[in-house]
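**Student:** I'm passing along work-v4.txt; it holds compact mmCIF, C-alpha atoms.
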# COMPACT_ATOMS: atom_id res chain seq x y z
CA MET A 725 -63.73 29.07 -35.04
CA GLN A 726 -63.32 29.93 -38.70
CA PHE A 727 -63.49 33.39 -40.15
CA LYS A 728 -66.26 33.95 -42.67
CA ASP A 729 -65.83 36.39 -45.51
CA TYR A 730 -69.37 37.66 -45.94
CA TYR A 731 -68.45 39.72 -48.98
CA LYS A 732 -67.08 36.66 -50.73
CA VAL A 733 -70.21 34.66 -49.90
CA MET A 734 -72.28 37.33 -51.64
CA GLY A 735 -69.80 37.78 -54.48
CA LEU A 736 -69.30 41.46 -53.66
CA SER A 737 -66.34 43.76 -53.11
CA ARG A 738 -65.96 45.52 -49.79
CA ASP A 739 -67.03 48.86 -51.24
CA ALA A 740 -70.41 47.55 -52.41
CA THR A 741 -73.32 49.90 -51.73
CA GLN A 742 -76.30 48.87 -49.60
CA GLU A 743 -78.25 48.73 -52.88
CA ASP A 744 -75.67 46.31 -54.36
CA ILE A 745 -75.97 44.13 -51.29
CA LYS A 746 -79.72 43.98 -51.50
CA ARG A 747 -79.64 43.19 -55.19
CA ALA A 748 -76.99 40.49 -54.80
CA TYR A 749 -78.97 38.90 -51.99
CA ARG A 750 -82.21 38.79 -53.97
CA LYS A 751 -80.47 37.23 -56.94
CA LEU A 752 -78.53 34.62 -54.98
CA ALA A 753 -81.53 33.82 -52.79
CA ARG A 754 -83.51 32.89 -55.87
CA GLN A 755 -80.60 30.84 -57.15
CA TYR A 756 -79.96 28.88 -53.96
CA HIS A 757 -83.40 28.72 -52.39
CA PRO A 758 -83.73 25.08 -51.26
CA ASP A 759 -87.24 24.85 -52.68
CA VAL A 760 -86.08 26.03 -56.08
CA SER A 761 -82.48 24.96 -56.54
CA GLN A 762 -81.39 21.55 -57.75
CA GLU A 763 -77.83 21.93 -56.51
CA ALA A 764 -76.81 19.47 -53.84
CA ASP A 765 -75.35 22.08 -51.50
CA ALA A 766 -78.16 24.61 -52.01
CA GLU A 767 -79.36 24.44 -48.44
CA GLU A 768 -75.86 25.06 -47.07
CA ARG A 769 -75.22 27.91 -49.49
CA PHE A 770 -78.58 29.46 -48.72
CA LYS A 771 -77.90 29.41 -44.98
CA GLU A 772 -74.50 31.00 -45.52
CA LEU A 773 -76.08 33.64 -47.72
CA GLY A 774 -78.76 34.44 -45.12
CA GLU A 775 -76.09 34.90 -42.50
CA ALA A 776 -73.95 37.13 -44.73
CA TYR A 777 -76.96 39.28 -45.61
CA GLU A 778 -78.00 39.52 -41.98
CA VAL A 779 -74.73 41.30 -41.27
CA LEU A 780 -74.13 43.30 -44.44
CA LYS A 781 -77.63 44.69 -44.93
CA ASP A 782 -77.55 46.31 -41.51
CA PRO A 783 -75.21 49.34 -41.67
CA GLU A 784 -74.40 49.02 -37.95
CA LYS A 785 -73.40 45.40 -38.12
CA ARG A 786 -71.65 45.92 -41.42
CA ALA A 787 -69.52 48.75 -40.04
CA ALA A 788 -68.59 46.61 -37.03
CA TYR A 789 -67.73 43.68 -39.28
CA ASP A 790 -65.69 45.90 -41.63
CA GLN A 791 -63.46 47.14 -38.86
CA LEU A 792 -62.25 43.57 -38.25
CA GLY A 793 -60.19 44.42 -41.33
CA SER A 794 -59.82 42.94 -44.76
CA ASN A 795 -56.82 40.72 -44.03
CA TRP A 796 -58.90 37.83 -42.86
CA GLN A 797 -59.40 34.86 -45.16
CA THR A 798 -62.35 32.49 -45.21
CA GLY A 799 -61.68 29.50 -43.02
CA GLN A 800 -58.84 31.16 -41.11
CA ASP A 801 -58.88 30.47 -37.39
CA PHE A 802 -60.59 33.41 -35.75
CA ARG A 803 -61.16 34.84 -32.29
CA PRO A 804 -62.91 38.17 -31.98
CA PRO A 805 -60.49 40.77 -30.62
CA PRO A 806 -61.42 41.87 -27.10
CA GLU A 807 -63.85 44.77 -27.03
CA TRP A 808 -63.98 44.52 -30.80
CA ASP A 809 -67.41 46.07 -30.98
CA GLN A 810 -66.65 48.99 -28.68
CA GLY A 811 -68.30 52.12 -29.87
CA PHE A 812 -70.88 50.25 -31.90
CA GLU A 813 -74.45 50.04 -30.89
CA PHE A 814 -76.57 47.26 -32.25
CA HIS A 815 -80.22 47.87 -32.43
CA GLY A 816 -80.97 44.48 -33.91
CA GLY A 817 -81.95 46.45 -36.97
CA GLY A 818 -84.33 44.55 -39.19
CA PHE A 819 -83.80 40.94 -38.34
CA THR A 820 -84.84 39.20 -41.58
CA GLY A 821 -86.77 36.60 -39.73
CA ALA A 822 -84.13 34.13 -40.88
CA ASP A 823 -83.63 31.33 -38.45
CA ALA A 824 -80.82 32.77 -36.37
CA SER A 825 -80.23 29.46 -34.60
CA GLN A 826 -78.89 28.20 -37.95
CA PHE A 827 -76.14 30.81 -38.08
CA SER A 828 -72.50 29.86 -37.62
CA ASP A 829 -70.38 30.04 -34.47
CA PHE A 830 -68.60 32.93 -36.16
CA PHE A 831 -71.79 34.97 -36.35
CA GLU A 832 -72.74 33.91 -32.86
CA SER A 833 -69.41 35.09 -31.43
CA LEU A 834 -69.73 38.52 -33.04
CA PHE A 835 -73.40 39.33 -32.80
CA GLY A 836 -74.92 36.46 -30.88
CA ARG A 837 -75.08 37.91 -27.41
CA HIS A 838 -77.03 40.86 -28.70
CA TYR A 839 -79.83 38.51 -29.58
CA ALA A 840 -79.51 35.60 -27.20
CA GLY A 841 -80.71 35.84 -23.67
CA THR A 842 -82.98 38.77 -24.26
CA GLN A 843 -85.85 36.85 -22.76
CA GLN A 844 -85.88 37.52 -19.05
CA ARG A 845 -87.24 34.54 -17.29
CA GLY A 846 -88.18 34.91 -13.67
CA ALA A 847 -88.00 32.03 -11.26
CA HIS A 848 -91.71 31.50 -11.49
CA PHE A 849 -92.02 31.71 -15.22
CA HIS A 850 -94.02 28.90 -16.80
CA ALA A 851 -94.72 28.39 -20.46
CA SER A 852 -95.52 25.51 -22.73
CA GLY A 853 -92.70 24.31 -24.96
CA ASP A 854 -92.77 24.88 -28.69
CA ASP A 855 -94.03 22.29 -31.10
CA ALA A 856 -91.24 20.64 -33.03
CA PHE A 857 -91.28 19.47 -36.64
CA ALA A 858 -89.26 16.81 -38.40
CA LYS A 859 -89.45 14.90 -41.64
CA ILE A 860 -89.19 11.14 -41.64
CA LEU A 861 -88.26 9.09 -44.70
CA ILE A 862 -89.84 5.66 -44.88
CA ASP A 863 -89.97 2.86 -47.43
CA LEU A 864 -93.12 2.14 -49.36
CA LYS A 865 -93.23 -1.27 -47.67
CA ASP A 866 -93.61 0.49 -44.29
CA ALA A 867 -96.80 2.16 -45.53
CA TYR A 868 -98.21 -1.20 -46.61
CA GLU A 869 -97.32 -3.08 -43.48
CA GLY A 870 -96.63 -0.57 -40.74
CA ALA A 871 -93.18 -0.51 -39.12
CA ASN A 872 -91.10 0.68 -36.22
CA ARG A 873 -88.39 3.14 -37.13
CA THR A 874 -85.65 4.80 -35.15
CA ILE A 875 -85.25 8.44 -35.99
CA THR A 876 -82.65 10.94 -34.88
CA ILE A 877 -83.72 14.50 -34.41
CA LYS A 878 -81.69 17.54 -33.46
CA ARG A 879 -83.15 19.15 -30.49
CA THR A 880 -82.41 22.17 -28.34
CA TYR A 881 -81.99 21.54 -24.64
CA LEU A 882 -81.39 24.19 -22.05
CA ASP A 883 -78.26 23.51 -20.04
CA ALA A 884 -77.87 24.25 -16.33
CA HIS A 885 -77.26 27.93 -17.09
CA GLY A 886 -80.29 28.22 -19.31
CA HIS A 887 -78.22 28.33 -22.50
CA PRO A 888 -79.63 26.42 -25.43
CA GLU A 889 -77.60 23.45 -26.55
CA LEU A 890 -78.12 21.31 -29.65
CA LYS A 891 -78.18 17.57 -29.05
CA ASP A 892 -79.11 14.49 -31.02
CA ARG A 893 -82.06 12.61 -29.73
CA LYS A 894 -83.11 9.14 -30.80
CA LEU A 895 -86.76 8.14 -30.88
CA ASN A 896 -88.35 4.82 -31.74
CA VAL A 897 -91.53 5.58 -33.59
CA HIS A 898 -94.29 3.36 -34.81
CA ILE A 899 -95.25 4.06 -38.43
CA PRO A 900 -98.89 3.07 -38.77
CA LYS A 901 -100.04 1.03 -41.75
CA GLY A 902 -101.63 3.14 -44.48
CA VAL A 903 -99.63 6.38 -44.16
CA ARG A 904 -99.45 8.59 -47.23
CA PRO A 905 -96.75 11.07 -48.25
CA GLY A 906 -97.32 14.45 -46.61
CA GLN A 907 -99.28 13.09 -43.66
CA HIS A 908 -98.20 13.94 -40.14
CA ILE A 909 -97.84 11.84 -37.02
CA ARG A 910 -98.36 13.77 -33.80
CA LEU A 911 -96.25 12.64 -30.86
CA ALA A 912 -97.83 14.38 -27.91
CA GLY A 913 -95.39 15.85 -25.40
CA GLN A 914 -92.30 15.02 -27.49
CA GLY A 915 -91.64 18.58 -28.66
CA ASP A 916 -89.47 21.17 -26.95
CA PRO A 917 -89.52 21.11 -23.17
CA GLY A 918 -91.65 23.67 -21.38
CA PHE A 919 -90.33 26.31 -19.02
CA GLY A 920 -91.00 25.98 -15.34
CA GLN A 921 -94.00 23.78 -14.95
CA GLY A 922 -95.18 24.41 -18.51
CA LYS A 923 -96.03 21.38 -20.59
CA PRO A 924 -93.68 20.27 -23.36
CA GLY A 925 -94.77 20.89 -26.95
CA ASP A 926 -95.70 18.20 -29.45
CA LEU A 927 -93.48 16.68 -32.10
CA TYR A 928 -94.92 16.41 -35.60
CA LEU A 929 -93.35 14.00 -38.04
CA GLU A 930 -94.04 14.61 -41.71
CA ILE A 931 -94.06 11.41 -43.75
CA ALA A 932 -92.00 11.27 -46.93
CA PHE A 933 -91.06 8.21 -48.96
CA ASN A 934 -87.56 7.16 -49.94
CA PRO A 935 -87.21 7.53 -53.68
CA HIS A 936 -87.24 4.19 -55.49
CA ALA A 937 -86.19 3.45 -59.06
CA ASP A 938 -89.30 1.41 -59.90
CA TYR A 939 -92.03 2.75 -57.60
CA HIS A 940 -93.58 6.10 -56.99
CA VAL A 941 -96.54 7.22 -54.96
CA GLU A 942 -99.22 9.82 -55.70
CA GLY A 943 -101.62 10.28 -52.80
CA HIS A 944 -102.55 6.74 -51.90
CA ASP A 945 -102.01 5.32 -55.39
CA VAL A 946 -98.82 3.43 -56.14
CA PHE A 947 -97.18 3.22 -59.56
CA VAL A 948 -94.75 0.46 -60.40
CA THR A 949 -92.83 0.35 -63.68
CA VAL A 950 -92.52 -3.14 -65.17
CA PRO A 951 -90.35 -3.90 -68.22
CA VAL A 952 -91.93 -5.93 -71.03
CA THR A 953 -90.62 -7.27 -74.34
CA PRO A 954 -91.91 -5.83 -77.63
CA TRP A 955 -93.69 -9.12 -78.43
CA GLU A 956 -95.38 -9.23 -75.01
CA ALA A 957 -96.63 -5.70 -75.57
CA ALA A 958 -97.66 -6.36 -79.17
CA LEU A 959 -99.27 -9.78 -78.85
CA GLY A 960 -100.48 -9.66 -75.27
CA ALA A 961 -99.15 -11.93 -72.54
CA VAL A 962 -99.43 -12.91 -68.92
CA ILE A 963 -96.36 -11.59 -67.12
CA THR A 964 -95.16 -11.77 -63.53
CA ALA A 965 -94.77 -8.27 -62.11
CA THR A 966 -92.73 -7.58 -58.98
CA THR A 967 -94.61 -5.05 -56.87
CA PRO A 968 -94.10 -3.65 -53.37
CA ILE A 969 -96.57 -6.24 -52.09
CA GLY A 970 -95.16 -9.25 -53.87
CA LYS A 971 -95.33 -10.85 -57.27
CA PHE A 972 -98.48 -10.75 -59.36
CA ASP A 973 -99.45 -12.42 -62.61
CA ILE A 974 -100.81 -9.67 -64.82
CA LYS A 975 -102.50 -9.87 -68.17
CA VAL A 976 -100.93 -7.47 -70.67
CA PRO A 977 -103.50 -6.70 -73.38
CA ALA A 978 -102.41 -7.02 -77.01
CA GLU A 979 -101.17 -3.84 -78.73
CA SER A 980 -100.05 -2.18 -75.52
CA ALA A 981 -97.73 0.80 -75.88
CA SER A 982 -94.94 1.80 -73.54
CA GLY A 983 -96.41 3.84 -70.66
CA ARG A 984 -99.73 1.97 -70.62
CA LYS A 985 -101.13 1.75 -67.10
CA LEU A 986 -102.85 -1.39 -65.82
CA ARG A 987 -104.85 -0.82 -62.67
CA LEU A 988 -105.00 -3.27 -59.78
CA LYS A 989 -107.91 -1.88 -57.81
CA GLY A 990 -107.47 -1.54 -54.06
CA ARG A 991 -103.84 -2.73 -54.11
CA GLY A 992 -102.36 0.70 -53.39
CA ILE A 993 -101.67 2.05 -49.92
CA PRO A 994 -104.14 0.41 -47.51
CA GLY A 995 -106.90 2.52 -46.01
CA LYS A 996 -110.59 3.25 -46.18
CA PRO A 997 -110.78 3.34 -49.13
CA PRO A 998 -107.43 1.84 -50.17
CA GLY A 999 -105.50 3.31 -53.08
CA ASP A 1000 -104.92 1.55 -56.38
CA LEU A 1001 -101.78 -0.05 -57.71
CA TYR A 1002 -100.87 0.82 -61.29
CA VAL A 1003 -98.50 -1.30 -63.31
CA VAL A 1004 -96.85 0.95 -65.89
CA LEU A 1005 -95.51 -0.94 -68.90
CA ASN A 1006 -92.07 -0.09 -70.18
CA VAL A 1007 -91.27 -1.73 -73.50
CA VAL A 1008 -87.60 -2.72 -73.64
CA LEU A 1009 -85.86 -3.58 -76.91
CA PRO A 1010 -83.69 -6.69 -76.97
CA PRO A 1011 -80.07 -5.94 -77.88
CA ALA A 1012 -78.90 -6.86 -81.38
CA ASN A 1013 -75.77 -8.49 -80.06
CA SER A 1014 -75.68 -11.77 -82.01
CA GLU A 1015 -75.99 -12.84 -85.62
CA SER A 1016 -79.40 -14.38 -85.06
CA ALA A 1017 -80.67 -11.28 -83.22
CA LYS A 1018 -79.49 -9.06 -86.07
CA LYS A 1019 -81.18 -11.40 -88.51
CA ALA A 1020 -84.44 -11.12 -86.60
CA TYR A 1021 -84.26 -7.31 -86.68
CA LYS A 1022 -83.54 -7.40 -90.43
CA GLU A 1023 -86.55 -9.61 -90.95
CA MET A 1024 -88.67 -7.17 -88.99
CA ALA A 1025 -87.41 -4.31 -91.15
CA GLU A 1026 -88.45 -6.24 -94.24
CA LYS A 1027 -91.83 -7.32 -92.95
CA PHE A 1028 -93.09 -4.13 -91.32
CA ALA A 1029 -94.08 -1.15 -93.38
CA PHE A 1030 -93.43 0.97 -90.32
CA ASN A 1031 -92.32 4.58 -90.22
CA PRO A 1032 -92.52 6.14 -86.75
CA ARG A 1033 -91.50 9.53 -88.22
CA LYS A 1034 -94.36 9.63 -90.68
CA SER A 1035 -96.17 12.37 -88.82
CA ALA A 1036 -93.01 14.50 -89.04
CA GLY A 1037 -93.22 14.18 -92.82
CA VAL A 1038 -89.98 12.26 -93.39
CA MET B 1373 -80.00 6.08 -22.59
CA THR B 1374 -83.06 6.06 -20.42
CA ASN B 1375 -85.92 3.66 -20.67
CA LYS B 1376 -88.04 6.43 -22.05
CA GLU B 1377 -85.83 6.80 -25.11
CA THR B 1378 -85.87 3.12 -26.09
CA ARG B 1379 -89.56 2.39 -25.93
CA ILE B 1380 -91.58 2.58 -29.13
CA ILE B 1381 -93.80 5.62 -29.35
CA SER B 1382 -97.09 5.34 -31.18
CA GLY B 1383 -98.24 8.75 -32.26
CA GLU B 1384 -101.54 9.88 -33.61
CA LEU B 1385 -101.86 9.83 -37.39
CA MET B 1386 -103.43 13.08 -38.52
CA ASP B 1387 -105.77 13.27 -41.53
CA GLU B 1388 -106.37 9.52 -41.40
CA HIS B 1389 -109.69 9.59 -43.27
CA ILE B 1390 -111.21 12.95 -44.07
CA GLY B 1391 -108.48 15.57 -44.09
CA LEU B 1392 -107.15 18.12 -41.63
CA THR B 1393 -109.41 20.62 -39.90
CA LEU B 1394 -108.55 24.31 -40.25
CA ALA B 1395 -107.30 24.28 -36.64
CA GLU B 1396 -104.98 21.33 -37.35
CA LEU B 1397 -103.72 22.96 -40.53
CA CYS B 1398 -102.96 26.19 -38.63
CA GLN B 1399 -101.15 24.23 -35.93
CA LEU B 1400 -99.03 22.35 -38.47
CA CYS B 1401 -98.19 25.50 -40.43
CA GLN B 1402 -97.67 27.52 -37.24
CA LEU B 1403 -99.86 30.28 -38.61
CA SER B 1404 -103.02 31.98 -37.48
CA ALA B 1405 -106.37 31.19 -39.11
CA GLU B 1406 -106.31 34.64 -40.76
CA GLU B 1407 -102.93 33.97 -42.32
CA VAL B 1408 -104.01 30.55 -43.59
CA GLN B 1409 -107.21 32.10 -44.92
CA GLN B 1410 -105.16 34.45 -47.09
CA PHE B 1411 -103.46 31.47 -48.73
CA ILE B 1412 -106.87 29.92 -49.37
CA ASP B 1413 -108.16 33.18 -50.89
CA ILE B 1414 -105.29 33.35 -53.32
CA GLY B 1415 -105.62 29.68 -54.25
CA VAL B 1416 -102.36 28.29 -52.83
CA ILE B 1417 -104.47 25.63 -51.13
CA GLU B 1418 -108.05 24.54 -51.53
CA PRO B 1419 -110.38 22.94 -49.01
CA LEU B 1420 -111.61 19.46 -49.92
CA SER B 1421 -115.16 19.31 -51.12
CA THR B 1422 -116.50 17.03 -48.42
CA PRO B 1423 -120.01 17.04 -47.08
CA SER B 1424 -118.73 17.16 -43.50
CA GLU B 1425 -119.30 20.35 -41.56
CA GLY B 1426 -116.39 22.78 -41.66
CA TRP B 1427 -113.39 22.86 -43.96
CA ARG B 1428 -111.10 19.91 -44.49
CA PHE B 1429 -107.68 19.98 -46.09
CA GLU B 1430 -105.34 17.43 -47.60
CA SER B 1431 -102.15 16.84 -45.63
CA THR B 1432 -100.07 17.99 -48.59
CA CYS B 1433 -101.46 21.53 -48.02
CA VAL B 1434 -99.08 21.87 -45.07
CA ARG B 1435 -96.00 21.61 -47.27
CA LYS B 1436 -97.50 24.02 -49.79
CA VAL B 1437 -98.28 26.69 -47.22
CA LYS B 1438 -94.90 26.32 -45.52
CA CYS B 1439 -93.14 26.60 -48.86
CA ALA B 1440 -95.15 29.72 -49.78
CA VAL B 1441 -94.32 31.31 -46.42
CA LYS B 1442 -90.61 30.61 -46.96
CA LEU B 1443 -90.68 32.04 -50.47
CA GLN B 1444 -92.31 35.22 -49.18
CA ARG B 1445 -89.87 35.56 -46.33
CA ASP B 1446 -86.68 34.63 -48.18
CA LEU B 1447 -87.23 36.17 -51.60
CA GLY B 1448 -89.32 39.18 -50.69
CA VAL B 1449 -92.09 38.27 -53.13
CA ASN B 1450 -95.68 39.06 -52.27
CA ARG B 1451 -98.34 36.43 -51.69
CA ALA B 1452 -99.43 36.27 -55.32
CA GLY B 1453 -95.82 35.93 -56.43
CA ALA B 1454 -95.24 33.15 -53.92
CA ALA B 1455 -98.35 31.37 -55.17
CA LEU B 1456 -97.13 31.57 -58.76
CA ALA B 1457 -93.61 30.44 -57.84
CA LEU B 1458 -95.04 27.54 -55.86
CA GLU B 1459 -97.13 26.35 -58.78
CA LEU B 1460 -94.15 26.51 -61.09
CA ILE B 1461 -91.92 24.71 -58.59
CA GLU B 1462 -94.47 21.93 -58.23
CA GLU B 1463 -94.79 21.61 -61.99
CA LEU B 1464 -91.00 21.51 -62.24
CA HIS B 1465 -90.78 18.71 -59.66
CA ARG B 1466 -93.48 16.72 -61.43
CA LEU B 1467 -91.68 17.04 -64.75
CA ARG B 1468 -88.27 16.26 -63.29
CA ASN B 1469 -89.66 13.09 -61.67
CA ARG B 1470 -91.30 12.07 -64.90
CA LEU B 1471 -88.13 12.71 -66.83
CA LYS B 1472 -86.16 10.63 -64.34
CA ARG B 1473 -88.53 7.71 -64.88
CA TYR B 1474 -88.14 7.90 -68.64
CA GLU B 1475 -84.39 8.22 -68.46
CA SER B 1476 -83.88 5.30 -66.09
Translate the structure described by the file into structure tokens.
**Tutor:**
Amino acid sequence: MQFKDYYKVMGLSRDATQEDIKRAYRKLARQYHPDVSQEADAEERFKELGEAYEVLKDPEKRAAYDQLGSNWQTGQDFRPPPEWDQGFEFHGGGFTGADASQFSDFFESLFGRHYAGTQQRGAHFHASGDDAFAKILIDLKDAYEGANRTITIKRTYLDAHGHPELKDRKLNVHIPKGVRPGQHIRLAGQGDPGFGQGKPGDLYLEIAFNPHADYHVEGHDVFVTVPVTPWEAALGAVITATTPIGKFDIKVPAESASGRKLRLKGRGIPGKPPGDLYVVLNVVLPPANSESAKKAYKEMAEKFAFNPRKSAGV
Amino acid sequence: MTNKETRIISGELMDEHIGLTLAELCQLCQLSAEEVQQFIDIGVIEPLSTPSEGWRFESTCVRKVKCAVKLQRDLGVNRAGAALALELIEELHRLRNRLKRYES
């Protein structure tokens, strides 16, 4: 198990006041909150921060942690000294409500037993299992056609001694045709196991779509970006657009600008009613990479009295 | 692997046609009706205007409420602050996605 330097995680020195700790936490929490931050490792950092704060904000836990000494380095192999917490009493002071099951082995080895196993379960105790939640990423095609997908979820099992244990669990799930982002599929009885003769909870899968360079989905409407040439956009043309449901011949009206949306009614995500499919035009300039191409651009410059910066007064 | 793990499970798609009921929304957010009501009062989520009896909610409300709850819990902001942060975060995501499409 690796030692964790909670002061370093919070960017504080060991003599920081409780006020400093609170302030540092608030600031870093805003910075690394997974819903706010763009940084790739935000979720990891935020978890680490929550764990550090859990210990340092509580004077009892902090004092116990401090007496491990300051010679330890982050990542150093660590075993808690025997009876290390002798003379300290933990009152579980102000658990933040952070998800303690996410904390590291290091935290668990120091403070874990003060939290775990507090639930006394008699031999005849029965209770329904908790509902479980997971997010599932699917392709847009799956929403159009329906699909079977294998998903892996982390799940807590109780071992023979009643200790929770995290295991991977594979499930083959049918994705019904017509699902929209944000919808949930309820898998009855696939949540956490119940205690005693209690029923297991349900598993809820939240649908999200894999990001795609050319498609995006809003509700049940689908938007597909299709590149067009300047002359197709200017003069109008019939073009073949590649969409999630195959190729379509689409009429581009004359004098279309980049970003113009052409609606194909009822061709979005299927349902009652179905969504619409929007073809979004993206005008692409041909490269001036040959003599004849340069000549064509020069001719355009001569023939158009065109100043796109006119409104800016230049 | 047991037989049970390899078969294909067909679940029940929630909010297939007319939105989630308040009970379903509470279940998905793991909150009481009173707690969900407070998010409605402050405008984090809005019921759909459907003629059907009782409230109905879009599925996307679940993510909004869960995000607001997390912001309250993790950042110590109050409900109004969480609602404001949530709106700004959503706007930010919309703009980032749009920007990505223009830059690609």
**Student:** When the cut-off is 7 Å and we count all atoms listed in the file, which residues of chain B are near chain A, given as a list in words?
**Tutor:** Glu1377, Thr1378, Arg1379, Ile1380, Ile1381, Ser1382, Gly1383, Glu1384, Leu1385, Met1386, Asp1387, Ser1431, Thr1432, Asp1446, Leu1447 and Ile1461 of chain B
**Student:** What does the distance between atom CA of B:His1465 and atom CA of A:Ile875 come to in Å, to one decimal place?
**Tutor:** 26.4 Å
**Student:** For B:Cys1398, please output as an mmCIF file with C-alpha atoms, in the frame of the given file all residues within 8 Å (counting all atoms listed in the file; exclusion window: fewer than 6 positions along the same chain).
**Tutor:**
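Printed below is result_6.cif as written:
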data_model
loop_
_atom_site.group_PDB
_atom_site.id
_atom_site.type_symbol
_atom_site.label_atom_id
_atom_site.label_comp_id
_atom_site.auth_asym_id
_atom_site.auth_seq_id
_atom_site.Cartn_x
_atom_site.Cartn_y
_atom_site.Cartn_z
ATOM 1 C CA SER B 1404 -103.020 31.980 -37.480
ATOM 2 C CA ALA B 1405 -106.370 31.190 -39.110
ATOM 3 C CA VAL B 1408 -104.010 30.550 -43.590
#
**Student:** What is the distance, in Å and to one decimal place, between atom CA of A:Val733 and atom CA of A:Tyr789?
**Tutor:** 14.2 Å
**Student:** Work out how far atom CA of A:Asp790 is from atom CA of B:Gly1448, in Å to one decimal.
**Tutor:**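 Distance between the two atoms: 26.2 Å.
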**Student:** In terms of the shortest atom-to-atom distance over only C-alpha atoms, which of B:Lys1436, B:Gly1415, B:Ser1421, B:Arg1466 is closest to B:Ala1452?
**Tutor:**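 Closest to B:Ala1452, using only C-alpha atoms: B:Gly1415.
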**Student:** Quick test: take stretch 1455-1460 of chain B, keep all heavy atoms, and write it as a compact mmCIF listing (two decimals), in the first residue's frame.
**Tutor:**
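Once written, decode.txt looks like this:
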# COMPACT_ATOMS: atom_id res chain seq x y z
N ALA B 1455 -28.08 25.86 -8.54
CA ALA B 1455 -28.91 26.06 -9.73
C ALA B 1455 -28.21 26.97 -10.73
O ALA B 1455 -28.17 26.68 -11.93
CB ALA B 1455 -30.26 26.65 -9.35
N LEU B 1456 -27.60 28.03 -10.21
CA LEU B 1456 -26.89 28.97 -11.08
C LEU B 1456 -25.68 28.28 -11.72
O LEU B 1456 -25.47 28.37 -12.93
CB LEU B 1456 -26.43 30.19 -10.27
CG LEU B 1456 -25.55 31.19 -11.01
CD1 LEU B 1456 -26.32 31.86 -12.12
CD2 LEU B 1456 -24.98 32.23 -10.06
N ALA B 1457 -24.90 27.57 -10.89
CA ALA B 1457 -23.71 26.88 -11.40
C ALA B 1457 -24.12 25.88 -12.48
O ALA B 1457 -23.47 25.77 -13.52
CB ALA B 1457 -22.98 26.17 -10.27
N LEU B 1458 -25.20 25.18 -12.24
CA LEU B 1458 -25.66 24.17 -13.19
C LEU B 1458 -26.01 24.79 -14.54
O LEU B 1458 -25.63 24.29 -15.59
CB LEU B 1458 -26.88 23.45 -12.61
CG LEU B 1458 -27.44 22.29 -13.41
CD1 LEU B 1458 -26.44 21.16 -13.46
CD2 LEU B 1458 -28.74 21.80 -12.78
N GLU B 1459 -26.71 25.92 -14.48
CA GLU B 1459 -27.06 26.60 -15.73
C GLU B 1459 -25.81 27.03 -16.49
O GLU B 1459 -25.73 26.88 -17.71
CB GLU B 1459 -27.91 27.84 -15.43
CG GLU B 1459 -29.39 27.55 -15.46
CD GLU B 1459 -30.21 28.74 -14.97
OE1 GLU B 1459 -29.83 29.88 -15.28
OE2 GLU B 1459 -31.21 28.50 -14.28
N LEU B 1460 -24.84 27.55 -15.75
CA LEU B 1460 -23.61 28.00 -16.40
C LEU B 1460 -22.82 26.83 -16.96
O LEU B 1460 -22.25 26.91 -18.04
CB LEU B 1460 -22.76 28.81 -15.41
CG LEU B 1460 -23.39 30.11 -14.93
CD1 LEU B 1460 -22.53 30.78 -13.86
CD2 LEU B 1460 -23.62 31.07 -16.08
